[in-house]
$ cat coords.cif   # mmCIF, C-alpha atoms
data_structure
#
loop_
_atom_site.label_atom_id
_atom_site.label_comp_id
_atom_site.auth_asym_id
_atom_site.auth_seq_id
_atom_site.Cartn_x
_atom_site.Cartn_y
_atom_site.Cartn_z
CA MET A 1 125.88 -54.65 7.88
CA ASN A 2 128.97 -52.97 6.55
CA SER A 3 129.56 -50.88 3.51
CA VAL A 4 131.97 -51.92 0.77
CA GLY A 5 133.86 -48.78 1.77
CA GLU A 6 135.00 -49.29 5.36
CA ALA A 7 134.87 -45.56 6.01
CA CYS A 8 131.25 -45.41 4.87
CA THR A 9 129.77 -47.92 7.31
CA ASP A 10 128.59 -45.35 9.88
CA LEU A 11 127.04 -43.18 7.18
CA LYS A 12 125.40 -46.26 5.71
CA ARG A 13 123.90 -47.24 9.06
CA ASP A 14 122.49 -43.76 9.61
CA TYR A 15 120.91 -43.85 6.18
CA ASP A 16 119.60 -47.42 6.59
CA GLN A 17 117.92 -46.54 9.88
CA CYS A 18 116.22 -43.54 8.29
CA PHE A 19 115.21 -45.49 5.20
CA ASN A 20 113.86 -48.55 7.05
CA ARG A 21 111.67 -46.36 9.24
CA TRP A 22 110.34 -44.34 6.28
CA PHE A 23 109.82 -47.48 4.22
CA ALA A 24 107.77 -49.30 6.89
CA GLU A 25 105.85 -46.37 8.37
CA LYS A 26 105.24 -44.22 5.31
CA PHE A 27 105.98 -45.73 1.96
CA LEU A 28 104.31 -49.12 2.43
CA LYS A 29 101.27 -47.43 3.99
CA GLY A 30 100.75 -45.25 0.94
CA ASP A 31 101.97 -42.04 2.54
CA ARG A 32 103.54 -40.11 -0.31
CA SER A 33 104.81 -37.22 1.80
CA GLY A 34 108.45 -36.24 1.41
CA ASP A 35 111.51 -38.39 1.88
CA PRO A 36 113.25 -37.43 5.17
CA CYS A 37 116.43 -39.25 4.22
CA THR A 38 117.77 -37.19 1.31
CA GLU A 39 120.52 -35.52 3.37
CA THR A 40 121.82 -38.70 4.99
CA PHE A 41 121.63 -40.43 1.61
CA ARG A 42 123.69 -37.72 -0.04
CA LYS A 43 126.48 -37.96 2.51
CA TYR A 44 126.50 -41.73 2.33
CA GLN A 45 126.54 -41.68 -1.49
CA LEU A 46 129.55 -39.37 -1.74
CA CYS A 47 131.49 -41.82 0.39
CA VAL A 48 130.36 -44.95 -1.47
CA GLN A 49 131.04 -43.49 -4.92
CA LYS A 50 134.61 -42.77 -3.85
CA ALA A 51 135.07 -46.29 -2.45
CA ILE A 52 133.72 -47.91 -5.60
CA LYS A 53 136.09 -45.92 -7.81
CA GLU A 54 139.03 -46.69 -5.54
CA LYS A 55 138.28 -50.41 -5.54
CA ASP A 56 137.58 -50.36 -9.25
CA ILE A 57 134.28 -52.18 -8.87
CA PRO A 58 132.64 -52.56 -12.29
CA VAL A 59 129.26 -51.09 -11.43
CA ASP A 60 127.01 -50.93 -14.44
CA GLY A 61 124.66 -48.25 -15.65
CA VAL A 62 124.46 -46.16 -12.52
CA GLU A 63 124.53 -42.43 -13.23
CA PHE A 64 127.47 -41.36 -11.10
CA MET A 65 129.78 -44.12 -12.28
CA GLY A 66 131.99 -44.78 -15.15
CA PRO A 67 134.57 -43.34 -17.47
CA ASN A 68 131.80 -42.06 -19.80
CA LYS A 69 131.30 -39.06 -17.60
CA ASP A 70 134.86 -37.97 -18.26
CA LYS A 71 134.84 -38.52 -22.01
CA PRO A 72 134.88 -35.25 -23.96
CA GLU A 73 131.85 -34.49 -26.11
CA SER A 74 132.50 -35.43 -29.71
CA MET B 75 122.60 -72.12 -20.41
CA LYS B 76 120.70 -73.51 -17.47
CA ILE B 77 117.42 -72.31 -16.15
CA TRP B 78 116.35 -72.94 -12.59
CA ALA B 79 113.03 -71.90 -11.10
CA SER B 80 111.11 -72.41 -7.90
CA GLU B 81 108.07 -71.21 -6.00
CA HIS B 82 107.73 -70.88 -2.23
CA ILE B 83 105.02 -69.70 0.15
CA PHE B 84 105.80 -67.67 3.28
CA ASN B 85 103.22 -67.73 6.09
CA HIS B 86 103.54 -63.98 6.52
CA PRO B 87 101.78 -61.06 4.88
CA TRP B 88 103.42 -59.31 1.95
CA GLU B 89 104.35 -56.15 3.92
CA THR B 90 106.26 -58.20 6.51
CA VAL B 91 108.12 -60.16 3.86
CA THR B 92 108.95 -57.01 1.88
CA LYS B 93 110.34 -55.20 4.94
CA ALA B 94 112.45 -58.28 5.69
CA ALA B 95 113.71 -58.49 2.10
CA MET B 96 114.92 -54.88 2.26
CA GLN B 97 116.86 -55.71 5.44
CA LYS B 98 117.93 -59.22 4.54
CA TYR B 99 121.62 -58.78 5.36
CA PRO B 100 123.37 -59.53 7.61
CA ASN B 101 121.95 -62.90 8.52
CA PRO B 102 123.56 -66.11 9.72
CA MET B 103 122.60 -68.08 6.59
CA ASN B 104 124.53 -65.85 4.20
CA PRO B 105 127.81 -65.22 6.02
CA SER B 106 129.72 -64.55 2.81
CA VAL B 107 127.84 -61.29 2.18
CA PHE B 108 130.02 -58.69 3.89
CA GLY B 109 128.74 -55.49 2.34
CA VAL B 110 125.48 -54.08 1.03
CA ASP B 111 125.36 -50.58 -0.45
CA VAL B 112 122.60 -48.57 -2.05
CA LEU B 113 123.86 -47.00 -5.27
CA ASP B 114 120.67 -45.30 -6.28
CA ARG B 115 117.11 -45.02 -5.08
CA ASN B 116 114.06 -43.11 -6.31
CA VAL B 117 110.28 -43.21 -6.48
CA ASP B 118 108.90 -43.21 -10.02
CA PRO B 119 105.83 -41.26 -11.17
CA GLU B 120 103.66 -44.34 -10.52
CA GLY B 121 104.78 -44.38 -6.89
CA ARG B 122 107.05 -47.41 -7.17
CA LEU B 123 110.36 -47.44 -5.30
CA HIS B 124 113.37 -48.35 -7.45
CA SER B 125 116.64 -49.26 -5.76
CA THR B 126 119.99 -50.27 -7.15
CA ARG B 127 122.22 -52.06 -4.68
CA LEU B 128 125.69 -53.51 -4.64
CA LEU B 129 126.24 -56.74 -2.74
CA SER B 130 129.83 -57.58 -1.81
CA THR B 131 130.63 -61.17 -1.06
CA GLU B 132 133.77 -62.93 0.03
CA TRP B 133 133.78 -66.65 -0.53
CA GLY B 134 136.89 -67.45 1.48
CA LEU B 135 138.30 -69.52 -1.36
CA PRO B 136 141.36 -71.51 -0.34
CA ALA B 137 144.60 -70.32 -1.95
CA ILE B 138 144.81 -73.37 -4.24
CA ALA B 139 141.40 -72.64 -5.73
CA LYS B 140 142.39 -69.04 -6.30
CA SER B 141 145.52 -70.06 -8.18
CA ILE B 142 143.55 -72.50 -10.36
CA ILE B 143 140.97 -69.90 -11.29
CA GLY B 144 143.75 -67.37 -11.70
CA VAL B 145 142.51 -64.66 -9.39
CA THR B 146 144.22 -62.93 -6.54
CA ARG B 147 141.07 -61.92 -4.72
CA SER B 148 137.81 -63.74 -4.14
CA CYS B 149 135.48 -60.79 -3.66
CA THR B 150 132.48 -61.16 -5.90
CA TYR B 151 130.15 -58.30 -6.57
CA VAL B 152 126.51 -58.57 -7.47
CA GLN B 153 124.35 -55.71 -8.66
CA GLU B 154 120.68 -55.83 -7.77
CA HIS B 155 117.78 -53.74 -9.03
CA SER B 156 114.51 -53.87 -7.12
CA VAL B 157 111.06 -52.37 -7.57
CA VAL B 158 108.50 -52.12 -4.75
CA ASP B 159 104.94 -51.33 -5.81
CA PRO B 160 102.99 -50.59 -2.63
CA LYS B 161 99.65 -50.32 -4.47
CA GLN B 162 99.89 -53.56 -6.44
CA LYS B 163 101.82 -55.20 -3.57
CA THR B 164 104.68 -56.56 -5.60
CA LEU B 165 108.38 -56.67 -4.88
CA GLU B 166 110.58 -57.64 -7.76
CA LEU B 167 114.34 -58.10 -7.48
CA GLN B 168 116.76 -58.77 -10.32
CA SER B 169 120.42 -59.38 -9.75
CA THR B 170 123.43 -60.18 -11.84
CA ASN B 171 127.11 -60.77 -11.10
CA ILE B 172 129.41 -57.95 -12.15
CA SER B 173 132.55 -59.89 -11.22
CA PHE B 174 134.00 -62.70 -13.32
CA THR B 175 131.63 -61.81 -16.13
CA ASN B 176 134.16 -63.26 -18.56
CA LEU B 177 133.74 -66.63 -16.86
CA VAL B 178 130.17 -66.90 -15.74
CA SER B 179 126.88 -65.12 -15.83
CA VAL B 180 124.27 -65.64 -13.14
CA ASP B 181 121.06 -63.68 -13.44
CA GLU B 182 118.42 -64.08 -10.79
CA LYS B 183 114.91 -62.77 -10.55
CA LEU B 184 112.69 -62.91 -7.48
CA THR B 185 109.08 -61.81 -7.21
CA TYR B 186 107.14 -61.51 -3.96
CA LYS B 187 103.35 -61.15 -4.17
CA PRO B 188 100.45 -61.75 -1.75
CA HIS B 189 99.03 -65.26 -2.03
CA PRO B 190 96.00 -65.01 -4.33
CA GLN B 191 93.79 -67.00 -1.91
CA ASP B 192 95.23 -65.92 1.44
CA PRO B 193 96.30 -62.32 2.16
CA ASP B 194 98.27 -63.46 5.21
CA LYS B 195 100.62 -65.41 2.97
CA THR B 196 103.17 -64.38 0.38
CA VAL B 197 104.26 -66.23 -2.74
CA LEU B 198 107.89 -66.05 -3.85
CA THR B 199 108.73 -67.07 -7.40
CA GLN B 200 112.39 -67.31 -8.13
CA GLU B 201 114.35 -68.04 -11.26
CA ALA B 202 117.97 -68.11 -12.26
CA LEU B 203 119.70 -68.15 -15.60
CA ILE B 204 123.21 -69.48 -15.51
CA SER B 205 125.80 -69.66 -18.19
CA VAL B 206 129.43 -70.65 -17.99
CA LYS B 207 131.55 -69.27 -20.79
CA GLY B 208 134.36 -70.67 -22.84
CA VAL B 209 134.80 -73.86 -20.85
CA SER B 210 134.09 -77.38 -22.05
CA LEU B 211 131.95 -79.35 -19.61
CA SER B 212 130.04 -76.10 -19.30
CA SER B 213 126.69 -77.80 -19.03
CA TYR B 214 128.04 -79.97 -16.20
CA LEU B 215 129.31 -76.86 -14.39
CA GLU B 216 126.04 -75.12 -15.02
CA GLY B 217 124.29 -78.10 -13.43
CA LEU B 218 126.54 -77.78 -10.37
CA MET B 219 125.78 -74.10 -10.14
CA ALA B 220 122.06 -74.70 -10.43
CA ASN B 221 122.42 -77.05 -7.48
CA THR B 222 124.25 -74.41 -5.50
CA ILE B 223 121.58 -71.87 -6.36
CA SER B 224 118.91 -74.28 -5.16
CA VAL B 225 120.71 -74.80 -1.84
CA ASN B 226 121.28 -71.07 -1.50
CA ALA B 227 117.63 -70.37 -2.29
CA SER B 228 116.58 -72.50 0.62
CA LYS B 229 119.14 -70.73 2.84
CA GLY B 230 117.74 -67.47 1.54
CA ARG B 231 114.23 -68.45 2.63
CA GLU B 232 115.53 -69.44 6.07
CA ALA B 233 117.31 -66.11 6.18
CA MET B 234 114.03 -64.32 5.46
CA GLU B 235 112.31 -66.20 8.29
CA TRP B 236 115.20 -65.25 10.60
CA VAL B 237 114.91 -61.56 9.68
CA ILE B 238 111.11 -61.64 10.11
CA ARG B 239 111.50 -63.18 13.60
CA ARG B 240 114.09 -60.52 14.50
CA LEU B 241 111.85 -57.67 13.35
CA ASN B 242 108.85 -59.10 15.24
CA THR B 243 110.92 -59.47 18.43
CA GLU B 244 112.00 -55.84 18.17
CA ILE B 245 108.35 -54.77 17.85
CA GLU B 246 107.34 -56.87 20.89
CA GLU B 247 110.21 -55.48 22.97
CA LEU B 248 109.24 -51.94 22.07
CA ALA B 249 105.62 -52.64 23.05
CA ALA B 250 106.70 -54.22 26.36
CA THR B 251 108.88 -51.22 27.15
CA ALA B 252 105.97 -48.90 26.39
CA ARG B 253 103.67 -50.93 28.70
CA GLY B 254 106.34 -50.93 31.42
CA SER B 255 106.82 -47.20 31.29
CA ILE B 256 103.04 -46.61 31.59
CA ARG B 257 102.73 -49.06 34.50
CA ALA B 258 105.53 -47.60 36.65
CA PRO B 259 104.07 -44.11 37.13
CA MET B 260 100.59 -45.65 37.71
CA ALA B 261 102.01 -47.90 40.41
CA ALA B 262 103.82 -44.95 41.95
CA ALA B 263 100.57 -42.95 41.97
CA THR B 264 98.76 -45.84 43.71
CA VAL B 265 101.40 -45.97 46.43
CA ALA B 266 101.31 -42.19 46.86
CA ASP B 267 97.50 -42.29 47.35
CA LYS B 268 97.70 -44.70 50.29
#
$ encode --input "coords.cif" --output "structure tokens"
Amino acid sequence: MNSVGEACTDLKRDYDQCFNRWFAEKFLKGDRSGDPCTETFRKYQLCVQKAIKEKDIPVDGVEFMGPNKDKPES
Amino acid sequence: MKIWASEHIFNHPWETVTKAAMQKYPNPMNPSVFGVDVLDRNVDPEGRLHSTRLLSTEWGLPAIAKSIIGVTRSCTYVQEHSVVDPKQKTLELQSTNISFTNLVSVDEKLTYKPHPQDPDKTVLTQEALISVKGVSLSSYLEGLMANTISVNASKGREAMEWVIRRLNTEIEELAATARGSIRAPMAAATVADK
């Protein structure tokens, strides 16, 4: 599966592989030990956030997004 | 405003169905989905996994349809929020379109739970709320969309079965490879003994 940002597809696949393994082998089995995917997720996220801004996709309510972050405090 | 709802039983345990749901795309039944991205993901204090995803779809509208609707692109984006509770064994997904919100609003909710009488089965309850804005004949259009959702729901269930088969095949292949790699050195040892 591709990412909406063409440049992010490889990063997405790395993250997906890590997540799917953790999800099946740890999370669903009740193993609450740490998430091994935080680093791959971070790299992937940086790329996706950029792609979403560039394509002007109206994502709603997600922390990193939106003009609100740039509004000065009043 | 049109409400559509359905219930379906999968002959697979909840864990299998949940793993498949998290890896639903790509699949041959939903070829218009060309991108899936995770926007956010975290585990809450109760141990439930929350994910926000962006689904990118391209309907391949013919040029004439695009000019009627008045758009230059036919990418539609859907935002989905899901919660997996591994203790209660529930997976809940809610999605809404974030494109063409001035024209139409489609909100869908899916819940996957183990079958109350049979732990090897999973029940899916699905509902959709559709509303077409600012157009006369809106209830007719909403009816058409409900129909499309119904057809897509059945494709979605086929897609889930396809993903489940794919995951099971991968597991069997891994197991066969493991058996093969144990057998080879044993066979070699037998030959060496002679």
$ residues_near_point --input "coords.cif" --point "(129.3, -37.7, 7.3)" --cutoff "12 Å" --atoms "only C-alpha atoms" --output "list in words"
Ala7, Cys8, Thr9, Asp10, Leu11, Lys12, Arg13, Asp14, Tyr15, Glu39, Thr40, Phe41, Arg42, Lys43, Tyr44, Gln45, Leu46, Cys47 and Val48 of chain A
$ write_last_selection --input "coords.cif" --atoms "C-alpha atoms" --output "PDB file, keeping the file's coordinate frame"
ATOM      1  CA  ALA A   7     134.870 -45.560   6.010  1.00  0.00           C
ATOM      2  CA  CYS A   8     131.250 -45.410   4.870  1.00  0.00           C
ATOM      3  CA  THR A   9     129.770 -47.920   7.310  1.00  0.00           C
ATOM      4  CA  ASP A  10     128.590 -45.350   9.880  1.00  0.00           C
ATOM      5  CA  LEU A  11     127.040 -43.180   7.180  1.00  0.00           C
ATOM      6  CA  LYS A  12     125.400 -46.260   5.710  1.00  0.00           C
ATOM      7  CA  ARG A  13     123.900 -47.240   9.060  1.00  0.00           C
ATOM      8  CA  ASP A  14     122.490 -43.760   9.610  1.00  0.00           C
ATOM      9  CA  TYR A  15     120.910 -43.850   6.180  1.00  0.00           C
ATOM     10  CA  GLU A  39     120.520 -35.520   3.370  1.00  0.00           C
ATOM     11  CA  THR A  40     121.820 -38.700   4.990  1.00  0.00           C
ATOM     12  CA  PHE A  41     121.630 -40.430   1.610  1.00  0.00           C
ATOM     13  CA  ARG A  42     123.690 -37.720  -0.040  1.00  0.00           C
ATOM     14  CA  LYS A  43     126.480 -37.960   2.510  1.00  0.00           C
ATOM     15  CA  TYR A  44     126.500 -41.730   2.330  1.00  0.00           C
ATOM     16  CA  GLN A  45     126.540 -41.680  -1.490  1.00  0.00           C
ATOM     17  CA  LEU A  46     129.550 -39.370  -1.740  1.00  0.00           C
ATOM     18  CA  CYS A  47     131.490 -41.820   0.390  1.00  0.00           C
ATOM     19  CA  VAL A  48     130.360 -44.950  -1.470  1.00  0.00           C
TER      20      VAL A  48
END
$ closest_residue --input "coords.cif" --among "B:Lys93, B:Arg231, B:Lys195, B:His124" --to "chain A" --atoms "only C-alpha atoms"
B:Lys93
$ interface_residues --input "coords.cif" --of "chain B" --to "chain A" --cutoff "9 Å" --atoms "all atoms listed in the file" --output "MDAnalysis selection string"
chainID B and resid 89 93 96:97 99:100 107:114 121 123 126 128:130 151:153 158:161 163 172:173
$ resolve_selection --input "coords.cif" --expression "the PyMOL selection byres ((chain B and resi 183) around 6)" --output "VMD selection string"
chain B and resid 167 to 168 182 184 200 to 201
$ closest_residue --input "coords.cif" --among "B:Leu218, B:Leu248, B:Leu165, B:Val180" --to "Thr90 (chain B)" --atoms "only C-alpha atoms"
B:Leu165
$ atom_distance --input "coords.cif" --atom1 "CA of Thr164 (chain B)" --atom2 "CA of His86 (chain B)"
14.3 Å
$ atom_distance --input "coords.cif" --atom1 "CA of Lys187 (chain B)" --atom2 "CA of Ser33 (chain A)"
24.7 Å
$ atom_distance --input "coords.cif" --atom1 "CA of Ile204 (chain B)" --atom2 "CA of Lys98 (chain B)"
23.1 Å
$ resolve_selection --input "coords.cif" --expression "the PyMOL selection byres ((chain B and resi 206) around 7)" --output "VMD selection string"
chain B and resid 177 to 179 204 to 205 207 to 209 212 216
$ closest_residue --input "coords.cif" --among "A:Thr38, A:Lys50, A:Lys55, A:Cys18" --to "Cys149 (chain B)" --atoms "only C-alpha atoms"
A:Lys55
$ closest_residue --input "coords.cif" --among "B:Met103, B:Ala95, B:Ala202, B:Ile238" --to "Ser80 (chain B)" --atoms "only C-alpha atoms"
B:Ala202
$ build_atoms --input "coords.cif" --residues "region 14-44 of chain A" --atoms "N, CA and C atoms" --output "mmCIF file, in the coordinates of the input"
data_model
loop_
_atom_site.group_PDB
_atom_site.id
_atom_site.type_symbol
_atom_site.label_atom_id
_atom_site.label_comp_id
_atom_site.auth_asym_id
_atom_site.auth_seq_id
_atom_site.Cartn_x
_atom_site.Cartn_y
_atom_site.Cartn_z
ATOM 1 N N ASP A 14 123.410 -44.893 9.378
ATOM 2 C CA ASP A 14 122.490 -43.760 9.610
ATOM 3 C C ASP A 14 121.423 -43.731 8.530
ATOM 4 N N TYR A 15 121.865 -43.884 7.287
ATOM 5 C CA TYR A 15 120.910 -43.850 6.180
ATOM 6 C C TYR A 15 119.937 -45.015 6.274
ATOM 7 N N ASP A 16 120.454 -46.226 6.533
ATOM 8 C CA ASP A 16 119.600 -47.420 6.590
ATOM 9 C C ASP A 16 118.516 -47.260 7.643
ATOM 10 N N GLN A 17 118.894 -46.719 8.796
ATOM 11 C CA GLN A 17 117.920 -46.540 9.880
ATOM 12 C C GLN A 17 116.800 -45.613 9.413
ATOM 13 N N CYS A 18 117.208 -44.507 8.785
ATOM 14 C CA CYS A 18 116.220 -43.540 8.290
ATOM 15 C C CYS A 18 115.336 -44.192 7.235
ATOM 16 N N PHE A 19 115.974 -44.875 6.297
ATOM 17 C CA PHE A 19 115.210 -45.490 5.200
ATOM 18 C C PHE A 19 114.240 -46.550 5.716
ATOM 19 N N ASN A 20 114.717 -47.450 6.587
ATOM 20 C CA ASN A 20 113.860 -48.550 7.050
ATOM 21 C C ASN A 20 112.625 -48.030 7.754
ATOM 22 N N ARG A 21 112.799 -46.950 8.527
ATOM 23 C CA ARG A 21 111.670 -46.360 9.240
ATOM 24 C C ARG A 21 110.686 -45.753 8.225
ATOM 25 N N TRP A 22 111.199 -44.973 7.288
ATOM 26 C CA TRP A 22 110.340 -44.340 6.280
ATOM 27 C C TRP A 22 109.631 -45.393 5.439
ATOM 28 N N PHE A 23 110.365 -46.424 5.079
ATOM 29 C CA PHE A 23 109.820 -47.480 4.220
ATOM 30 C C PHE A 23 108.643 -48.172 4.891
ATOM 31 N N ALA A 24 108.811 -48.554 6.177
ATOM 32 C CA ALA A 24 107.770 -49.300 6.890
ATOM 33 C C ALA A 24 106.598 -48.402 7.293
ATOM 34 N N GLU A 25 106.919 -47.189 7.788
ATOM 35 C CA GLU A 25 105.850 -46.370 8.370
ATOM 36 C C GLU A 25 105.171 -45.446 7.371
ATOM 37 N N LYS A 26 105.852 -45.137 6.279
ATOM 38 C CA LYS A 26 105.240 -44.220 5.310
ATOM 39 C C LYS A 26 105.003 -44.888 3.968
ATOM 40 N N PHE A 27 106.091 -45.269 3.338
ATOM 41 C CA PHE A 27 105.980 -45.730 1.960
ATOM 42 C C PHE A 27 105.006 -46.886 1.786
ATOM 43 N N LEU A 28 105.169 -47.947 2.595
ATOM 44 C CA LEU A 28 104.310 -49.120 2.430
ATOM 45 C C LEU A 28 102.865 -48.817 2.793
ATOM 46 N N LYS A 29 102.639 -47.770 3.589
ATOM 47 C CA LYS A 29 101.270 -47.430 3.990
ATOM 48 C C LYS A 29 100.646 -46.421 3.045
ATOM 49 N N GLY A 30 101.334 -46.122 1.963
ATOM 50 C CA GLY A 30 100.750 -45.250 0.940
ATOM 51 C C GLY A 30 100.908 -43.773 1.222
ATOM 52 N N ASP A 31 101.744 -43.455 2.225
ATOM 53 C CA ASP A 31 101.970 -42.040 2.540
ATOM 54 C C ASP A 31 103.031 -41.501 1.586
ATOM 55 N N ARG A 32 102.623 -40.594 0.715
ATOM 56 C CA ARG A 32 103.540 -40.110 -0.310
ATOM 57 C C ARG A 32 104.249 -38.823 0.096
ATOM 58 N N SER A 33 104.141 -38.454 1.372
ATOM 59 C CA SER A 33 104.810 -37.220 1.800
ATOM 60 C C SER A 33 106.320 -37.398 1.711
ATOM 61 N N GLY A 34 107.029 -36.294 1.742
ATOM 62 C CA GLY A 34 108.450 -36.240 1.410
ATOM 63 C C GLY A 34 109.367 -37.271 2.051
ATOM 64 N N ASP A 35 110.494 -37.450 1.439
ATOM 65 C CA ASP A 35 111.510 -38.390 1.880
ATOM 66 C C ASP A 35 112.419 -37.682 2.885
ATOM 67 N N PRO A 36 112.426 -38.114 4.162
ATOM 68 C CA PRO A 36 113.250 -37.430 5.170
ATOM 69 C C PRO A 36 114.721 -37.805 5.101
ATOM 70 N N CYS A 37 115.082 -38.684 4.188
ATOM 71 C CA CYS A 37 116.430 -39.250 4.220
ATOM 72 C C CYS A 37 117.383 -38.666 3.172
ATOM 73 N N THR A 38 116.947 -37.654 2.440
ATOM 74 C CA THR A 38 117.770 -37.190 1.310
ATOM 75 C C THR A 38 119.153 -36.711 1.754
ATOM 76 N N GLU A 39 119.220 -36.030 2.911
ATOM 77 C CA GLU A 39 120.520 -35.520 3.370
ATOM 78 C C GLU A 39 121.459 -36.652 3.781
ATOM 79 N N THR A 40 120.961 -37.584 4.576
ATOM 80 C CA THR A 40 121.820 -38.700 4.990
ATOM 81 C C THR A 40 122.223 -39.525 3.771
ATOM 82 N N PHE A 41 121.316 -39.667 2.809
ATOM 83 C CA PHE A 41 121.630 -40.430 1.610
ATOM 84 C C PHE A 41 122.751 -39.760 0.812
ATOM 85 N N ARG A 42 122.679 -38.463 0.716
ATOM 86 C CA ARG A 42 123.690 -37.720 -0.040
ATOM 87 C C ARG A 42 125.080 -37.912 0.554
ATOM 88 N N LYS A 43 125.168 -37.804 1.849
ATOM 89 C CA LYS A 43 126.480 -37.960 2.510
ATOM 90 C C LYS A 43 127.015 -39.370 2.293
ATOM 91 N N TYR A 44 126.121 -40.327 2.475
ATOM 92 C CA TYR A 44 126.500 -41.730 2.330
ATOM 93 C C TYR A 44 126.954 -42.002 0.884
#
